[in-house]
Amino acid sequence: TFSRHLNSAGKCSRMRADYVSITIERELLDRGIFRNKMNRLAAVLVIFSIIFQCYHCCPPYDGHCNDGPTPFVINTWPFLESNVNAWDVLNKGGSHLDAVELGCIVAERNLTITSVGYGNHPDETGETTLDAMIMDGVTHDVGSVADLRRIKGAISVARHVLEHTTETLLVGESATNFAKMMGFPEQSLSTNTSYDDWKKWMSEDCQPNFWKNVEPPANTSCGPYKPVKSFESLNTASSSFSKDNHDTIGMIAADVEGRIAAGTSTNGANHKIPGRVGDSPIVGAGAYVDKDVGGAVATGDGDIMMRFLPAYQAVESMRIGFDPDLACQSALNRMLNYYPHFMGALVAVTMEGQYGAACVGFGTFQYTWSNHSGTHINTIKCV
């Protein structure tokens, strides 16, 4: 009964209503509040107080809140142009998937965003490769590509996997062959900038890199390497990750019909080991969305994040009542327990438009939000 009343408010999600109603019921039963007429009256007042709160945008929450389930877009990092273009799609009545795809395309084509798209972040051999994912929160269908070579539009290839196959993830040369079959032109992903970057890295003894427990020592040479037979294994996150070297972009969009989607696109870690895949194309790691709850997207050290599925954890935490800020911080804390030097961030949003973020290791972190009131960048301090 409590849940039906809370949902009738229209701006409280079913997961929040269920969580609140269960909490009320447990408290009332534990305290024997129905034992007399005065206590029954007090219980009614408590219930109506919570219903009143739900009518006013969202449950008690110190973070950011949208004016109800209207369209919105949110992305990791201050990628204003991506959000503006994605919002324009929604504002013209376009779909959640169209908005996410275009938002990521804009970042892929912007060569000043070094962590997304062609022309940046070459691997150890000097080749740029791409990862991307798109997820429909209504159907839970997903399309992903990883280690995509010589095809520029990674997010669009991922959408073709979503819409034209029953598969989830295609990788490497096979992903390239699929893209060519779907009509994408094959072309080099390298530029003079990426080539110069690779040559400079080679001239500096391939520093930094992602090898460990090898000989010759990876911190003084380029290899080729051989495994060290005896070593002490330590859990350490790579110092190679930073604000300019991470797995990104992550975007979430909900359209006027309340349909939600998430997308990611990245060229991965700079000077990565060939074949390396980070969190971005992995469901639950780089992104996760659910029509009954909301969504979350991650950025940072993808090798660590894919071991913990932080986007999935954040969404499931919101399902049981966590606000977005707390859901993000809780997911990051789990990683910090194992990797205290980890660097990363999470952004989350509910279907009602509550949104928030948390970060570790970056100092500060910026993310971008758009709705009918405009587009703006939020800045938070990291743990």
# chains A, B, ... in the order shown; residues from 1 in each chain; ligands from 1
call {"tool": "select_by_dssp", "arguments": {"residues": "segment 170-374 of chain A", "states": "alpha helix (DSSP H)", "output": "PyMOL selection string"}}
result
chain A and resi 172-181+192-203+302-305+310-319+324-338
call {"tool": "residues_around", "arguments": {"residues": "Phe362 of chain A", "least_positions_apart": "2", "cutoff": "9 Å", "atoms": "only C-alpha atoms", "output": "ChimeraX atom specification"}}
result
/A:242-243,343-345,359-360,364-365,381-383
call {"tool": "residues_around", "arguments": {"residues": "Asn333 of chain A", "least_positions_apart": "2", "cutoff": "12 Å", "atoms": "only C-alpha atoms", "output": "PyMOL selection string"}}
result
chain A and resi 305+308+310+313-314+326-331+335-346+358-361+382-383
call {"tool": "closest_atom_pairs", "arguments": {"of": "segment 184-227 of chain A", "to": "segment 273-296 of chain A", "cutoff": "12 Å", "atoms": "only C-alpha atoms", "output": "CSV"}}
result
residue,atom,partner,partner_atom,distance
A:Cys206,CA,A:Ile273,CA,11.3
A:Pro208,CA,A:Ile273,CA,11.5
A:Asn209,CA,A:Ile273,CA,8.1
A:Phe210,CA,A:Ile273,CA,6.9
A:Trp211,CA,A:Ile273,CA,8.2
A:Lys212,CA,A:Ile273,CA,11.8
A:Cys222,CA,A:Ile273,CA,11.6
A:Gly223,CA,A:Ile273,CA,11.9
A:Pro224,CA,A:Ile273,CA,11.8
A:Tyr225,CA,A:Ile273,CA,12.0
call {"tool": "residues_around", "arguments": {"residues": "Asn213 of chain A", "least_positions_apart": "2", "cutoff": "8 Å", "atoms": "only C-alpha atoms", "output": "ChimeraX atom specification"}}
result
/A:211,215,217,227-228,231
call {"tool": "write_last_selection", "arguments": {"atoms": "N, CA and C atoms", "output": "compact mmCIF listing (two decimals), in the first residue's frame"}}
result
# COMPACT_ATOMS: atom_id res chain seq x y z
N TRP A 211 54.13 -3.06 -18.40
CA TRP A 211 54.72 -4.36 -18.12
C TRP A 211 55.18 -4.45 -16.67
N GLU A 215 61.99 -9.35 -17.74
CA GLU A 215 63.36 -8.94 -17.97
C GLU A 215 63.59 -8.80 -19.49
N PRO A 217 64.43 -5.20 -17.31
CA PRO A 217 63.48 -4.41 -16.51
C PRO A 217 62.67 -3.45 -17.38
N PRO A 227 59.35 -13.35 -19.20
CA PRO A 227 58.88 -13.37 -17.82
C PRO A 227 60.00 -13.70 -16.84
N VAL A 228 59.97 -13.03 -15.69
CA VAL A 228 60.89 -13.35 -14.59
C VAL A 228 60.35 -14.58 -13.89
N PHE A 231 59.18 -13.86 -8.69
CA PHE A 231 58.86 -12.47 -8.40
C PHE A 231 57.80 -12.41 -7.31
call {"tool": "residues_around", "arguments": {"residues": "segment 127-143 of chain A", "least_positions_apart": "5", "cutoff": "7 Å", "atoms": "only C-alpha atoms", "output": "number ranges by chain"}}
result
A: 117-122, 148-149, 154-155, 158-159, 161-162, 168-169, 189-190, 259-268, 280-281, 289-291
call {"tool": "write_last_selection", "arguments": {"atoms": "N, CA, C and O atoms", "output": "short mmCIF file (atom, residue, chain, number, x, y, z; two decimals), in the first residue's frame"}}
result
data_model
loop_
_atom_site.label_atom_id
_atom_site.label_comp_id
_atom_site.auth_asym_id
_atom_site.auth_seq_id
_atom_site.Cartn_x
_atom_site.Cartn_y
_atom_site.Cartn_z
N GLY A 117 38.66 8.33 -29.93
CA GLY A 117 38.73 8.43 -31.37
C GLY A 117 40.12 8.23 -31.96
O GLY A 117 41.08 7.86 -31.28
N TYR A 118 40.20 8.48 -33.25
CA TYR A 118 41.43 8.23 -34.00
C TYR A 118 42.47 9.33 -33.73
O TYR A 118 42.18 10.38 -33.17
N GLY A 119 43.71 9.05 -34.12
CA GLY A 119 44.74 10.09 -34.12
C GLY A 119 45.44 10.33 -32.80
O GLY A 119 46.24 11.26 -32.68
N ASN A 120 45.18 9.52 -31.79
CA ASN A 120 45.80 9.69 -30.48
C ASN A 120 45.98 8.33 -29.82
O ASN A 120 45.44 7.32 -30.26
N HIS A 121 46.73 8.31 -28.74
CA HIS A 121 46.94 7.13 -27.90
C HIS A 121 47.32 5.89 -28.70
O HIS A 121 46.62 4.88 -28.68
N PRO A 122 48.45 5.92 -29.41
CA PRO A 122 48.91 4.72 -30.10
C PRO A 122 49.33 3.64 -29.11
O PRO A 122 49.71 3.94 -27.98
N LEU A 148 39.22 -2.47 -32.08
CA LEU A 148 38.78 -2.21 -33.46
C LEU A 148 39.89 -1.49 -34.22
O LEU A 148 40.42 -0.47 -33.74
N ARG A 149 40.23 -1.98 -35.39
CA ARG A 149 41.35 -1.45 -36.15
C ARG A 149 40.89 -0.86 -37.49
O ARG A 149 40.06 -1.43 -38.18
N ALA A 154 33.79 4.08 -34.00
CA ALA A 154 33.64 2.94 -33.10
C ALA A 154 32.25 2.83 -32.49
O ALA A 154 31.67 1.74 -32.42
N ILE A 155 31.68 3.96 -32.05
CA ILE A 155 30.37 3.90 -31.40
C ILE A 155 29.30 3.49 -32.41
O ILE A 155 28.35 2.75 -32.08
N ALA A 158 29.54 -0.20 -32.93
CA ALA A 158 28.91 -0.86 -31.78
C ALA A 158 27.40 -0.88 -31.92
O ALA A 158 26.74 -1.87 -31.60
N ARG A 159 26.83 0.21 -32.41
CA ARG A 159 25.37 0.25 -32.59
C ARG A 159 24.94 -0.74 -33.67
O ARG A 159 23.86 -1.35 -33.56
N VAL A 161 26.38 -3.58 -34.18
CA VAL A 161 26.39 -4.87 -33.48
C VAL A 161 25.08 -5.03 -32.70
O VAL A 161 24.46 -6.11 -32.70
N LEU A 162 24.65 -3.96 -32.06
CA LEU A 162 23.40 -3.96 -31.28
C LEU A 162 22.19 -4.27 -32.16
O LEU A 162 21.35 -5.10 -31.81
N THR A 168 27.00 -9.69 -28.58
CA THR A 168 27.23 -8.54 -27.70
C THR A 168 28.54 -7.85 -28.00
O THR A 168 28.60 -6.62 -28.09
N LEU A 169 29.63 -8.60 -28.17
CA LEU A 169 30.96 -8.02 -28.29
C LEU A 169 31.74 -8.66 -29.44
O LEU A 169 31.87 -9.89 -29.49
N LEU A 189 43.95 4.98 -38.67
CA LEU A 189 43.58 5.74 -37.48
C LEU A 189 44.75 6.57 -36.97
O LEU A 189 44.63 7.24 -35.93
N SER A 190 45.87 6.52 -37.66
CA SER A 190 47.05 7.27 -37.24
C SER A 190 47.06 8.67 -37.84
O SER A 190 46.50 8.91 -38.92
N ARG A 259 12.94 6.54 -22.09
CA ARG A 259 13.85 5.46 -22.48
C ARG A 259 15.29 5.91 -22.23
O ARG A 259 15.65 7.04 -22.57
N ILE A 260 16.10 5.03 -21.68
CA ILE A 260 17.46 5.39 -21.28
C ILE A 260 18.48 4.51 -21.99
O ILE A 260 18.23 3.33 -22.25
N ALA A 261 19.62 5.12 -22.33
CA ALA A 261 20.71 4.39 -22.98
C ALA A 261 22.03 4.93 -22.48
O ALA A 261 22.12 6.05 -21.96
N ALA A 262 23.08 4.14 -22.64
CA ALA A 262 24.44 4.57 -22.31
C ALA A 262 25.37 4.21 -23.44
O ALA A 262 25.15 3.24 -24.17
N GLY A 263 26.42 5.01 -23.59
CA GLY A 263 27.42 4.73 -24.60
C GLY A 263 28.81 5.07 -24.10
O GLY A 263 28.97 5.94 -23.24
N THR A 264 29.80 4.37 -24.61
CA THR A 264 31.19 4.67 -24.30
C THR A 264 32.01 4.62 -25.59
O THR A 264 31.65 3.91 -26.53
N SER A 265 33.11 5.36 -25.60
CA SER A 265 34.04 5.28 -26.72
C SER A 265 35.41 5.72 -26.24
O SER A 265 35.53 6.68 -25.48
N THR A 266 36.45 5.02 -26.69
CA THR A 266 37.81 5.34 -26.25
C THR A 266 38.83 4.75 -27.20
O THR A 266 38.54 3.80 -27.94
N ASN A 267 40.02 5.34 -27.20
CA ASN A 267 41.16 4.71 -27.86
C ASN A 267 42.06 4.03 -26.85
O ASN A 267 43.16 3.58 -27.18
N GLY A 268 41.62 3.96 -25.60
CA GLY A 268 42.31 3.19 -24.59
C GLY A 268 43.52 3.89 -24.01
O GLY A 268 43.78 5.07 -24.25
N SER A 280 35.77 0.13 -21.08
CA SER A 280 34.75 0.84 -21.85
C SER A 280 33.78 -0.07 -22.60
O SER A 280 32.56 0.18 -22.60
N PRO A 281 34.23 -1.15 -23.26
CA PRO A 281 33.27 -1.99 -23.98
C PRO A 281 32.69 -3.12 -23.15
O PRO A 281 31.98 -3.97 -23.70
N VAL A 289 22.94 0.60 -17.70
CA VAL A 289 21.67 1.31 -17.57
C VAL A 289 20.53 0.33 -17.38
O VAL A 289 20.57 -0.79 -17.91
N ASP A 290 19.54 0.76 -16.63
CA ASP A 290 18.35 -0.05 -16.37
C ASP A 290 17.15 0.88 -16.33
O ASP A 290 17.15 1.86 -15.57
N LYS A 291 16.13 0.59 -17.13
CA LYS A 291 14.96 1.47 -17.24
C LYS A 291 14.22 1.67 -15.94
O LYS A 291 13.48 2.65 -15.78
#
call {"tool": "atom_distance", "arguments": {"atom1": "atom CA of Tyr355 of chain A", "atom2": "atom CA of Cys104 of chain A"}}
result
19.7 Å
call {"tool": "decode", "arguments": {"residues": "segment 64-145 of chain A", "atoms": "C-alpha atoms", "output": "short mmCIF file (atom, residue, chain, number, x, y, z; two decimals), in the first residue's frame"}}
result
data_model
loop_
_atom_site.label_atom_id
_atom_site.label_comp_id
_atom_site.auth_asym_id
_atom_site.auth_seq_id
_atom_site.Cartn_x
_atom_site.Cartn_y
_atom_site.Cartn_z
CA HIS A 64 21.53 17.52 -7.99
CA CYS A 65 17.98 16.92 -9.17
CA ASN A 66 16.08 17.26 -12.42
CA ASP A 67 12.49 18.55 -12.61
CA GLY A 68 10.96 15.12 -12.99
CA PRO A 69 11.48 12.46 -15.67
CA THR A 70 12.16 14.87 -18.53
CA PRO A 71 14.95 14.24 -21.09
CA PHE A 72 18.53 14.57 -19.88
CA VAL A 73 22.12 13.88 -20.93
CA ILE A 74 25.15 13.37 -18.73
CA ASN A 75 28.74 12.50 -19.61
CA THR A 76 32.10 11.97 -17.98
CA TRP A 77 34.49 14.91 -18.32
CA PRO A 78 33.75 18.47 -19.51
CA PHE A 79 32.84 17.47 -23.07
CA LEU A 80 30.34 20.28 -23.66
CA GLU A 81 29.99 19.84 -27.42
CA SER A 82 29.08 16.18 -27.00
CA ASN A 83 26.33 17.00 -24.52
CA VAL A 84 24.98 19.90 -26.55
CA ASN A 85 24.65 17.74 -29.67
CA ALA A 86 23.11 14.83 -27.77
CA TRP A 87 20.63 17.16 -26.08
CA ASP A 88 19.70 18.67 -29.42
CA VAL A 89 18.70 15.20 -30.61
CA LEU A 90 16.44 14.73 -27.59
CA ASN A 91 15.03 18.24 -27.81
CA LYS A 92 13.92 17.51 -31.38
CA GLY A 93 12.20 14.29 -30.32
CA GLY A 94 15.03 11.91 -31.18
CA SER A 95 15.65 8.64 -29.39
CA HIS A 96 17.88 7.80 -26.46
CA LEU A 97 20.11 5.67 -28.71
CA ASP A 98 20.43 8.42 -31.34
CA ALA A 99 21.45 10.91 -28.67
CA VAL A 100 24.11 8.70 -27.12
CA GLU A 101 25.54 7.73 -30.50
CA LEU A 102 25.82 11.31 -31.73
CA GLY A 103 27.28 12.53 -28.44
CA CYS A 104 30.04 9.94 -28.65
CA ILE A 105 30.60 10.61 -32.37
CA VAL A 106 31.27 14.27 -31.60
CA ALA A 107 33.96 13.28 -29.09
CA GLU A 108 35.44 10.71 -31.51
CA ARG A 109 35.88 13.37 -34.20
CA ASN A 110 37.38 15.99 -31.85
CA LEU A 111 41.15 15.50 -32.05
CA THR A 112 41.68 17.74 -29.01
CA ILE A 113 40.05 14.99 -26.90
CA THR A 114 43.08 12.74 -26.89
CA SER A 115 41.48 9.76 -25.12
CA VAL A 116 38.68 9.24 -27.67
CA GLY A 117 38.73 8.43 -31.37
CA TYR A 118 41.43 8.23 -34.00
CA GLY A 119 44.74 10.09 -34.12
CA ASN A 120 45.80 9.69 -30.48
CA HIS A 121 46.94 7.13 -27.90
CA PRO A 122 48.91 4.72 -30.10
CA ASP A 123 49.76 1.30 -28.70
CA GLU A 124 53.32 -0.03 -28.34
CA THR A 125 53.57 -0.66 -32.08
CA GLY A 126 52.32 2.84 -32.97
CA GLU A 127 48.81 1.77 -34.00
CA THR A 128 45.66 3.40 -32.62
CA THR A 129 42.80 0.99 -31.88
CA LEU A 130 39.31 1.70 -30.55
CA ASP A 131 36.80 0.33 -28.02
CA ALA A 132 33.12 1.29 -27.76
CA MET A 133 29.81 0.13 -26.35
CA ILE A 134 26.16 1.15 -26.54
CA MET A 135 23.50 -0.25 -24.19
CA ASP A 136 19.72 0.09 -24.36
CA GLY A 137 18.35 0.26 -20.82
CA VAL A 138 14.85 -0.62 -22.03
CA THR A 139 15.72 -3.98 -23.58
CA HIS A 140 19.17 -4.58 -22.03
CA ASP A 141 20.50 -5.22 -25.53
CA VAL A 142 24.17 -4.29 -25.95
CA GLY A 143 26.54 -3.80 -28.85
CA SER A 144 30.30 -3.56 -28.22
CA VAL A 145 33.54 -3.55 -30.17
#
